[in-house]
Amino acid sequence: MTIKTTEELKNLREGGRILAAILKEIKAKARAGIKTIELDKLAESLILDAKGVPSFKGYSAGGSSGSYPASLCVSINDEVVHGIPTARELKDGDIVGLDIGMKYKGLFTDMAETIEIGKVNEKLFRLIEITRKSLEIGIKQVRAGARVGDIGHAIQKFVEASGFGVVHELVGHGVGKKVHEDPEIPNWGRAGTGTELKENMVIAIEPMVTLGSPEVFLDKDGWTWKTCDGKPAAHFEHTMVVTKDGPEVLTKI
Ligand code: MF3
Ligand code: CO
């Protein structure tokens with residue numbers, strides 16, 4: 001776990017603001033008929049234009065999957081996270097997770113949103129809204145002295161009370177000097193447990209919420225996580241600084 005300096009925080013703020021503007025532009029282009037690879041190309045060129053570096057491209061988690069081939073993760077419907085962009089076209093009624101990370105002035109920020117393509121049914125709309133809200137609820141727990149379990153507990157309680165499932169296998173994380181740093185930030189758990197948050201830590205919270213069962217599996221492409229029951233999932237993520245008074249979200253749109 002790393003505590004960031006004032007200079008690092010300044011650059012993270014700048015990077016986070018730029019990243020949010022980039023995702024906004026990508027979202028505006030995400031509509032029925034566009035190939036997900038086109039969104040990835042746009043992501044990459046916007047990041048490079050901003051003098052950033054796509055942080056997912058070439059990322060390796062260790063293990064046998066090699067390195068991630070794209071600048072953007074695009075996860076459609078039953079794909080939970082880390083979907084690889086392809087020639088597949090988005091279509092009306094899909095929900096699409098867009099996850100993007102950038103290294104800017106040597107420092108990493110990370111964010112994701114799930115959007116609807118055209119008109120989606122009421123259940124999917126609610127899935128997206130509950131997931132967005134669960135991230136907000138998790139963020140509200142953040143301040144120096146709180147524990148990681150406070151975040152997970154708040155998210156899980158809200159999501160399950162809303163009738164949805166929370167994915168256990170994948171977690172949020174520290175971020176800033178690397179794509180992933182300690183501590184892990186699960187979207188479930190017990191209040192008052194886990195690592196204590198310290199002033200000027202930077203973390204990414206990223207709830208993954210399912211319409212049906214929360215069970216997930218890793219696809220044979222080695223990257224894409226999917227729901228076991230084939231039902232849709234949604235994902236939102238923000239990068240934030242832990243302060244004495246609360247969270248300072250760096251990737252606000
Ligand atoms: N936001 C994603 C995460 O924290 C980034 C994944 S890196 C990738 O898990 F290379 F897998 F895309
Ligand atoms: Co992340």
# chains A, B, ... in the order shown; residues from 1 in each chain; ligands from 1
>>> closest_atom_pairs(of="chain A", to="ligand 1", cutoff="7 Å", atoms="only C-alpha atoms and all ligand atoms", output="JSON lines")
{"residue": "A:Phe56", "atom": "CA", "partner": "ligand 1", "partner_atom_place_in_ligand_line": "10 (F)", "distance": 4.0}
{"residue": "A:Lys57", "atom": "CA", "partner": "ligand 1", "partner_atom_place_in_ligand_line": "10 (F)", "distance": 6.2}
{"residue": "A:Tyr59", "atom": "CA", "partner": "ligand 1", "partner_atom_place_in_ligand_line": "10 (F)", "distance": 4.7}
{"residue": "A:Ser60", "atom": "CA", "partner": "ligand 1", "partner_atom_place_in_ligand_line": "10 (F)", "distance": 6.6}
{"residue": "A:Tyr68", "atom": "CA", "partner": "ligand 1", "partner_atom_place_in_ligand_line": "10 (F)", "distance": 4.8}
{"residue": "A:Leu72", "atom": "CA", "partner": "ligand 1", "partner_atom_place_in_ligand_line": "12 (F)", "distance": 7.0}
{"residue": "A:Cys73", "atom": "CA", "partner": "ligand 1", "partner_atom_place_in_ligand_line": "12 (F)", "distance": 5.8}
{"residue": "A:His82", "atom": "CA", "partner": "ligand 1", "partner_atom_place_in_ligand_line": "12 (F)", "distance": 5.3}
{"residue": "A:Asp99", "atom": "CA", "partner": "ligand 1", "partner_atom_place_in_ligand_line": "1 (N)", "distance": 5.7}
{"residue": "A:Ile100", "atom": "CA", "partner": "ligand 1", "partner_atom_place_in_ligand_line": "1 (N)", "distance": 6.4}
{"residue": "A:Gly101", "atom": "CA", "partner": "ligand 1", "partner_atom_place_in_ligand_line": "1 (N)", "distance": 6.6}
{"residue": "A:Asp110", "atom": "CA", "partner": "ligand 1", "partner_atom_place_in_ligand_line": "1 (N)", "distance": 5.7}
{"residue": "A:Met111", "atom": "CA", "partner": "ligand 1", "partner_atom_place_in_ligand_line": "1 (N)", "distance": 6.3}
{"residue": "A:Ala112", "atom": "CA", "partner": "ligand 1", "partner_atom_place_in_ligand_line": "1 (N)", "distance": 6.9}
{"residue": "A:Gly172", "atom": "CA", "partner": "ligand 1", "partner_atom_place_in_ligand_line": "4 (O)", "distance": 6.3}
{"residue": "A:His173", "atom": "CA", "partner": "ligand 1", "partner_atom_place_in_ligand_line": "4 (O)", "distance": 7.0}
{"residue": "A:His180", "atom": "CA", "partner": "ligand 1", "partner_atom_place_in_ligand_line": "4 (O)", "distance": 6.6}
{"residue": "A:Trp223", "atom": "CA", "partner": "ligand 1", "partner_atom_place_in_ligand_line": "11 (F)", "distance": 6.7}
>>> closest_atom_pairs(of="chain A", to="ligand 2", cutoff="12 Å", atoms="only C-alpha atoms and all ligand atoms", output="tab-separated table")
residue	atom	partner	partner_atom_place_in_ligand_line	distance
A:Ser55	CA	ligand 2	1 (Co)	10.8
A:Phe56	CA	ligand 2	1 (Co)	9.9
A:Leu72	CA	ligand 2	1 (Co)	11.9
A:Cys73	CA	ligand 2	1 (Co)	10.8
A:Val81	CA	ligand 2	1 (Co)	9.9
A:His82	CA	ligand 2	1 (Co)	10.0
A:Leu98	CA	ligand 2	1 (Co)	11.5
A:Asp99	CA	ligand 2	1 (Co)	8.0
A:Ile100	CA	ligand 2	1 (Co)	8.5
A:Gly101	CA	ligand 2	1 (Co)	7.9
A:Met102	CA	ligand 2	1 (Co)	11.1
A:Phe108	CA	ligand 2	1 (Co)	10.2
A:Thr109	CA	ligand 2	1 (Co)	8.5
A:Asp110	CA	ligand 2	1 (Co)	5.5
A:Met111	CA	ligand 2	1 (Co)	6.6
A:Ala112	CA	ligand 2	1 (Co)	7.9
A:Glu113	CA	ligand 2	1 (Co)	11.4
A:Leu170	CA	ligand 2	1 (Co)	9.5
A:Val171	CA	ligand 2	1 (Co)	7.9
A:Gly172	CA	ligand 2	1 (Co)	5.7
A:His173	CA	ligand 2	1 (Co)	6.4
A:Gly174	CA	ligand 2	1 (Co)	8.5
A:Val175	CA	ligand 2	1 (Co)	7.9
A:Gly176	CA	ligand 2	1 (Co)	10.8
A:Lys178	CA	ligand 2	1 (Co)	10.8
A:Val179	CA	ligand 2	1 (Co)	7.4
A:His180	CA	ligand 2	1 (Co)	7.1
A:Glu181	CA	ligand 2	1 (Co)	9.9
A:Asp182	CA	ligand 2	1 (Co)	11.8
A:Glu184	CA	ligand 2	1 (Co)	10.2
A:Ile185	CA	ligand 2	1 (Co)	9.9
A:Pro186	CA	ligand 2	1 (Co)	11.5
A:Val202	CA	ligand 2	1 (Co)	11.7
A:Ile203	CA	ligand 2	1 (Co)	8.8
A:Ala204	CA	ligand 2	1 (Co)	5.8
A:Ile205	CA	ligand 2	1 (Co)	7.2
A:Glu206	CA	ligand 2	1 (Co)	6.4
A:Pro207	CA	ligand 2	1 (Co)	9.8
A:Met208	CA	ligand 2	1 (Co)	11.0
A:His235	CA	ligand 2	1 (Co)	10.3
A:Phe236	CA	ligand 2	1 (Co)	9.4
A:Glu237	CA	ligand 2	1 (Co)	6.8
A:His238	CA	ligand 2	1 (Co)	8.1
A:Thr239	CA	ligand 2	1 (Co)	8.1
A:Met240	CA	ligand 2	1 (Co)	11.5
>>> write_last_selection(atoms="C-alpha atoms", output="short mmCIF file (atom, residue, chain, number, x, y, z; two decimals), in the first residue's frame")
data_model
loop_
_atom_site.label_atom_id
_atom_site.label_comp_id
_atom_site.auth_asym_id
_atom_site.auth_seq_id
_atom_site.Cartn_x
_atom_site.Cartn_y
_atom_site.Cartn_z
CA SER A 55 -2.44 1.18 -18.99
CA PHE A 56 -4.42 -1.98 -19.79
CA LEU A 72 -10.39 -0.40 -23.30
CA CYS A 73 -12.30 -3.30 -21.77
CA VAL A 81 -15.51 -7.32 -16.86
CA HIS A 82 -12.35 -7.42 -19.01
CA LEU A 98 -16.61 0.39 -20.59
CA ASP A 99 -13.49 0.18 -18.41
CA ILE A 100 -10.47 2.37 -19.09
CA GLY A 101 -7.11 3.04 -17.44
CA MET A 102 -4.40 5.56 -18.19
CA PHE A 108 -2.35 5.47 -12.99
CA THR A 109 -6.07 6.15 -12.75
CA ASP A 110 -8.84 3.69 -13.51
CA MET A 111 -12.58 4.01 -14.11
CA ALA A 112 -15.58 2.20 -15.57
CA GLU A 113 -19.22 2.74 -16.40
CA LEU A 170 -13.13 -9.75 -8.45
CA VAL A 171 -12.29 -6.75 -6.31
CA GLY A 172 -11.31 -3.08 -6.26
CA HIS A 173 -7.76 -2.14 -5.39
CA GLY A 174 -5.16 0.43 -4.51
CA VAL A 175 -3.97 2.32 -7.59
CA GLY A 176 -1.60 5.12 -8.62
CA LYS A 178 0.73 0.68 -10.57
CA VAL A 179 -2.51 -0.51 -12.21
CA HIS A 180 -3.20 -2.63 -9.15
CA GLU A 181 -1.77 -2.03 -5.68
CA ASP A 182 -2.66 -3.28 -2.23
CA GLU A 184 -7.75 -5.36 -2.31
CA ILE A 185 -11.17 -3.74 -1.94
CA PRO A 186 -13.88 -6.43 -2.03
CA VAL A 202 -5.47 6.21 -3.60
CA ILE A 203 -7.98 3.45 -4.25
CA ALA A 204 -10.33 2.23 -6.96
CA ILE A 205 -13.74 0.91 -5.91
CA GLU A 206 -15.49 -1.18 -8.56
CA PRO A 207 -18.69 -3.07 -7.73
CA MET A 208 -19.77 -5.78 -10.18
CA HIS A 235 -19.85 -2.55 -13.40
CA PHE A 236 -18.91 0.96 -12.28
CA GLU A 237 -15.54 2.19 -11.03
CA HIS A 238 -13.95 5.37 -9.71
CA THR A 239 -10.45 6.23 -8.53
CA MET A 240 -10.32 8.34 -5.36
#
>>> closest_atom_pairs(of="segment 87-164 of chain A", to="segment 187-198 of chain A", cutoff="6 Å", atoms="only C-alpha atoms", output="CSV")
residue,atom,partner,partner_atom,distance
A:Ala144,CA,A:Lys198,CA,4.6
A:Gly145,CA,A:Leu197,CA,5.4
A:Ala146,CA,A:Leu197,CA,5.5
A:Arg147,CA,A:Glu196,CA,4.3
A:Val148,CA,A:Gly194,CA,5.2
A:Gly149,CA,A:Ala191,CA,4.8
A:Asp150,CA,A:Ala191,CA,4.1
A:Gly152,CA,A:Trp188,CA,3.9
A:His153,CA,A:Gly189,CA,4.8
A:Ile155,CA,A:Asn187,CA,5.9
A:Gln156,CA,A:Trp188,CA,4.9
>>> write_last_selection(atoms="all heavy atoms", output="short mmCIF file (atom, residue, chain, number, x, y, z; two decimals), in the first residue's frame")
data_model
loop_
_atom_site.label_atom_id
_atom_site.label_comp_id
_atom_site.auth_asym_id
_atom_site.auth_seq_id
_atom_site.Cartn_x
_atom_site.Cartn_y
_atom_site.Cartn_z
N ALA A 144 -10.01 8.59 6.04
CA ALA A 144 -8.92 8.05 6.84
C ALA A 144 -9.49 7.46 8.13
O ALA A 144 -10.34 8.08 8.76
CB ALA A 144 -7.91 9.15 7.14
N GLY A 145 -9.05 6.26 8.47
CA GLY A 145 -9.53 5.60 9.68
C GLY A 145 -10.63 4.58 9.44
O GLY A 145 -10.85 3.70 10.27
N ALA A 146 -11.32 4.69 8.29
CA ALA A 146 -12.31 3.66 7.95
C ALA A 146 -11.57 2.39 7.54
O ALA A 146 -10.37 2.42 7.27
CB ALA A 146 -13.22 4.14 6.83
N ARG A 147 -12.29 1.28 7.50
CA ARG A 147 -11.67 0.02 7.07
C ARG A 147 -12.26 -0.44 5.75
O ARG A 147 -13.39 -0.12 5.40
CB ARG A 147 -11.87 -1.05 8.14
CG ARG A 147 -11.06 -0.72 9.38
CD ARG A 147 -11.11 -1.81 10.40
NE ARG A 147 -10.31 -1.43 11.55
CZ ARG A 147 -9.03 -1.80 11.71
NH1 ARG A 147 -8.44 -2.57 10.81
NH2 ARG A 147 -8.36 -1.40 12.77
N VAL A 148 -11.42 -1.22 5.05
CA VAL A 148 -11.83 -1.75 3.75
C VAL A 148 -13.17 -2.49 3.85
O VAL A 148 -14.02 -2.39 2.97
CB VAL A 148 -10.70 -2.65 3.20
CG1 VAL A 148 -11.21 -3.58 2.13
CG2 VAL A 148 -9.56 -1.78 2.67
N GLY A 149 -13.37 -3.22 4.96
CA GLY A 149 -14.61 -3.97 5.13
C GLY A 149 -15.85 -3.08 5.23
O GLY A 149 -16.96 -3.53 4.93
N ASP A 150 -15.67 -1.83 5.63
CA ASP A 150 -16.81 -0.90 5.68
C ASP A 150 -17.36 -0.66 4.28
O ASP A 150 -18.57 -0.53 4.09
CB ASP A 150 -16.39 0.46 6.28
CG ASP A 150 -15.87 0.35 7.70
OD1 ASP A 150 -16.13 -0.68 8.36
OD2 ASP A 150 -15.19 1.29 8.14
N GLY A 152 -17.00 -2.69 1.53
CA GLY A 152 -17.62 -3.91 1.00
C GLY A 152 -18.97 -4.19 1.64
O GLY A 152 -19.93 -4.56 0.97
N HIS A 153 -19.01 -3.99 2.94
CA HIS A 153 -20.26 -4.25 3.67
C HIS A 153 -21.39 -3.36 3.15
O HIS A 153 -22.50 -3.82 2.89
CB HIS A 153 -20.05 -4.03 5.16
CG HIS A 153 -21.30 -4.15 5.96
ND1 HIS A 153 -21.87 -5.38 6.26
CD2 HIS A 153 -22.12 -3.21 6.49
CE1 HIS A 153 -22.97 -5.18 6.95
NE2 HIS A 153 -23.15 -3.87 7.10
N ILE A 155 -21.69 -1.82 0.27
CA ILE A 155 -22.06 -2.16 -1.11
C ILE A 155 -22.92 -3.43 -1.12
O ILE A 155 -24.00 -3.47 -1.72
CB ILE A 155 -20.80 -2.36 -1.99
CG1 ILE A 155 -20.08 -1.01 -2.19
CG2 ILE A 155 -21.18 -2.99 -3.34
CD1 ILE A 155 -18.73 -1.12 -2.89
N GLN A 156 -22.43 -4.45 -0.45
CA GLN A 156 -23.14 -5.75 -0.46
C GLN A 156 -24.55 -5.63 0.11
O GLN A 156 -25.52 -6.15 -0.47
CB GLN A 156 -22.34 -6.78 0.34
CG GLN A 156 -23.02 -8.14 0.36
CD GLN A 156 -22.19 -9.18 1.09
OE1 GLN A 156 -21.39 -8.86 1.97
NE2 GLN A 156 -22.38 -10.44 0.72
#
>>> residues_around(residues="Lys252 of chain A", least_positions_apart="6", cutoff="8 Å", atoms="only C-alpha atoms", output="ChimeraX atom specification")
/A:16-17,20,238
>>> write_last_selection(atoms="N, CA and C atoms", output="mmCIF file, in the first residue's frame")
data_model
loop_
_atom_site.group_PDB
_atom_site.id
_atom_site.type_symbol
_atom_site.label_atom_id
_atom_site.label_comp_id
_atom_site.auth_asym_id
_atom_site.auth_seq_id
_atom_site.Cartn_x
_atom_site.Cartn_y
_atom_site.Cartn_z
ATOM 1 N N GLY A 16 -6.894 11.915 -13.702
ATOM 2 C CA GLY A 16 -8.261 11.452 -13.481
ATOM 3 C C GLY A 16 -9.284 12.298 -14.227
ATOM 4 N N ARG A 17 -9.028 13.598 -14.223
ATOM 5 C CA ARG A 17 -9.947 14.516 -14.914
ATOM 6 C C ARG A 17 -9.928 14.260 -16.427
ATOM 7 N N ALA A 20 -11.686 10.914 -17.261
ATOM 8 C CA ALA A 20 -13.153 11.033 -17.219
ATOM 9 C C ALA A 20 -13.674 11.688 -18.504
ATOM 10 N N HIS A 238 -14.612 4.067 -9.829
ATOM 11 C CA HIS A 238 -13.954 5.367 -9.713
ATOM 12 C C HIS A 238 -12.634 5.207 -8.968
#
>>> residues_around(residues="Gly58 of chain A", least_positions_apart="6", cutoff="10 Å", atoms="only C-alpha atoms", output="MDAnalysis selection string")
chainID A and resid 66:71
>>> write_last_selection(atoms="C-alpha atoms", output="PDB file, in the first residue's frame")
ATOM      1  CA  GLY A  66      -0.477 -13.403 -21.661  1.00  0.00           C
ATOM      2  CA  SER A  67      -0.951  -9.677 -21.833  1.00  0.00           C
ATOM      3  CA  TYR A  68      -4.190  -7.778 -22.343  1.00  0.00           C
ATOM      4  CA  PRO A  69      -4.377  -6.682 -26.008  1.00  0.00           C
ATOM      5  CA  ALA A  70      -6.426  -3.469 -25.843  1.00  0.00           C
ATOM      6  CA  SER A  71      -6.737   0.008 -24.270  1.00  0.00           C
TER       7      SER A  71
END
>>> atom_distance(atom1="atom CA of Phe158 of chain A", atom2="atom CA of Lys133 of chain A")
8.8 Å
>>> atom_distance(atom1="atom CA of Gly212 of chain A", atom2="atom CA of Thr227 of chain A")
8.5 Å
>>> closest_residue(among="A:Thr36, A:Ser45, A:Ser65, A:Thr243", to="Ile139 of chain A", atoms="only C-alpha atoms")
A:Thr243
>>> residues_around(residues="Ile128 of chain A", least_positions_apart="5", cutoff="12 Å", atoms="only C-alpha atoms", output="list in words")
Asn77, Asp94, Ile95, Val96, Gly97, Glu113, Thr114, Ile115, Glu116, Val120, Asn121, Glu122, Lys123, Lys133, Ser134, Leu135, Val159, Ser162, Phe164, Pro207, Met208, Val209, Thr210, Leu211, Pro232, Ala233, Ala234, His235 and Phe236 of chain A
>>> atom_distance(atom1="atom CA of Asp219 of chain A", atom2="atom CA of Gly93 of chain A")
22.8 Å
>>> closest_residue(among="A:Lys35, A:Lys244, A:Arg88, A:Lys105", to="Glu199 of chain A", atoms="only C-alpha atoms")
A:Lys244
>>> select_by_dssp(residues="segment 17-244 of chain A", states="strand (DSSP E)", output="PyMOL selection string")
chain A and resi 53-54+72-76+79-81+95-104+107-116+165-166+172-174+181-185+202-205+208-210+216-218+225-227+233-235+238-242
>>> closest_residue(among="A:Ile18, A:Ala61, A:Met201, A:Leu107", to="Leu48 of chain A", atoms="only C-alpha atoms")
A:Ile18
>>> closest_residue(among="A:Gly163, A:Leu218, A:Val142, A:Glu169", to="Pro247 of chain A", atoms="only C-alpha atoms")
A:Val142
>>> closest_residue(among="A:Ile117, A:Val216, A:Ile3, A:Lys51", to="Lys27 of chain A", atoms="only C-alpha atoms")
A:Ile117
>>> decode(residues="segment 71-116 of chain A", atoms="C-alpha atoms", output="PDB file, in the first residue's frame")
ATOM      1  CA  SER A  71      -6.737   0.008 -24.270  1.00  0.00           C
ATOM      2  CA  LEU A  72     -10.389  -0.404 -23.298  1.00  0.00           C
ATOM      3  CA  CYS A  73     -12.299  -3.295 -21.768  1.00  0.00           C
ATOM      4  CA  VAL A  74     -15.736  -3.699 -23.371  1.00  0.00           C
ATOM      5  CA  SER A  75     -18.030  -6.131 -21.578  1.00  0.00           C
ATOM      6  CA  ILE A  76     -21.440  -6.823 -23.104  1.00  0.00           C
ATOM      7  CA  ASN A  77     -24.466  -8.220 -21.216  1.00  0.00           C
ATOM      8  CA  ASP A  78     -23.341 -11.452 -19.485  1.00  0.00           C
ATOM      9  CA  GLU A  79     -19.703 -10.380 -19.739  1.00  0.00           C
ATOM     10  CA  VAL A  80     -18.925  -8.933 -16.327  1.00  0.00           C
ATOM     11  CA  VAL A  81     -15.512  -7.318 -16.860  1.00  0.00           C
ATOM     12  CA  HIS A  82     -12.351  -7.419 -19.008  1.00  0.00           C
ATOM     13  CA  GLY A  83     -14.121  -8.169 -22.301  1.00  0.00           C
ATOM     14  CA  ILE A  84     -11.701  -7.863 -25.241  1.00  0.00           C
ATOM     15  CA  PRO A  85     -12.758  -5.501 -28.071  1.00  0.00           C
ATOM     16  CA  THR A  86     -13.539  -7.302 -31.342  1.00  0.00           C
ATOM     17  CA  ALA A  87     -15.497  -6.865 -34.587  1.00  0.00           C
ATOM     18  CA  ARG A  88     -18.711  -7.565 -32.655  1.00  0.00           C
ATOM     19  CA  GLU A  89     -21.264  -4.787 -33.128  1.00  0.00           C
ATOM     20  CA  LEU A  90     -23.250  -3.294 -30.294  1.00  0.00           C
ATOM     21  CA  LYS A  91     -26.974  -3.667 -30.702  1.00  0.00           C
ATOM     22  CA  ASP A  92     -30.109  -2.074 -29.391  1.00  0.00           C
ATOM     23  CA  GLY A  93     -30.970  -3.433 -25.925  1.00  0.00           C
ATOM     24  CA  ASP A  94     -27.391  -4.357 -24.955  1.00  0.00           C
ATOM     25  CA  ILE A  95     -25.787  -3.108 -21.783  1.00  0.00           C
ATOM     26  CA  VAL A  96     -22.074  -2.410 -22.119  1.00  0.00           C
ATOM     27  CA  GLY A  97     -19.382  -1.985 -19.500  1.00  0.00           C
ATOM     28  CA  LEU A  98     -16.612   0.391 -20.593  1.00  0.00           C
ATOM     29  CA  ASP A  99     -13.490   0.184 -18.412  1.00  0.00           C
ATOM     30  CA  ILE A 100     -10.467   2.369 -19.088  1.00  0.00           C
ATOM     31  CA  GLY A 101      -7.113   3.037 -17.444  1.00  0.00           C
ATOM     32  CA  MET A 102      -4.398   5.564 -18.191  1.00  0.00           C
ATOM     33  CA  LYS A 103      -0.861   6.218 -17.071  1.00  0.00           C
ATOM     34  CA  TYR A 104      -0.349   9.982 -17.030  1.00  0.00           C
ATOM     35  CA  LYS A 105       2.813  11.686 -15.797  1.00  0.00           C
ATOM     36  CA  GLY A 106       3.841   8.275 -14.494  1.00  0.00           C
ATOM     37  CA  LEU A 107       0.673   7.710 -12.459  1.00  0.00           C
ATOM     38  CA  PHE A 108      -2.351   5.466 -12.992  1.00  0.00           C
ATOM     39  CA  THR A 109      -6.072   6.151 -12.746  1.00  0.00           C
ATOM     40  CA  ASP A 110      -8.840   3.694 -13.509  1.00  0.00           C
ATOM     41  CA  MET A 111     -12.584   4.008 -14.107  1.00  0.00           C
ATOM     42  CA  ALA A 112     -15.581   2.200 -15.573  1.00  0.00           C
ATOM     43  CA  GLU A 113     -19.221   2.740 -16.401  1.00  0.00           C
ATOM     44  CA  THR A 114     -22.021   0.595 -17.753  1.00  0.00           C
ATOM     45  CA  ILE A 115     -24.312   2.150 -20.332  1.00  0.00           C
ATOM     46  CA  GLU A 116     -27.375   1.078 -22.240  1.00  0.00           C
TER      47      GLU A 116
END
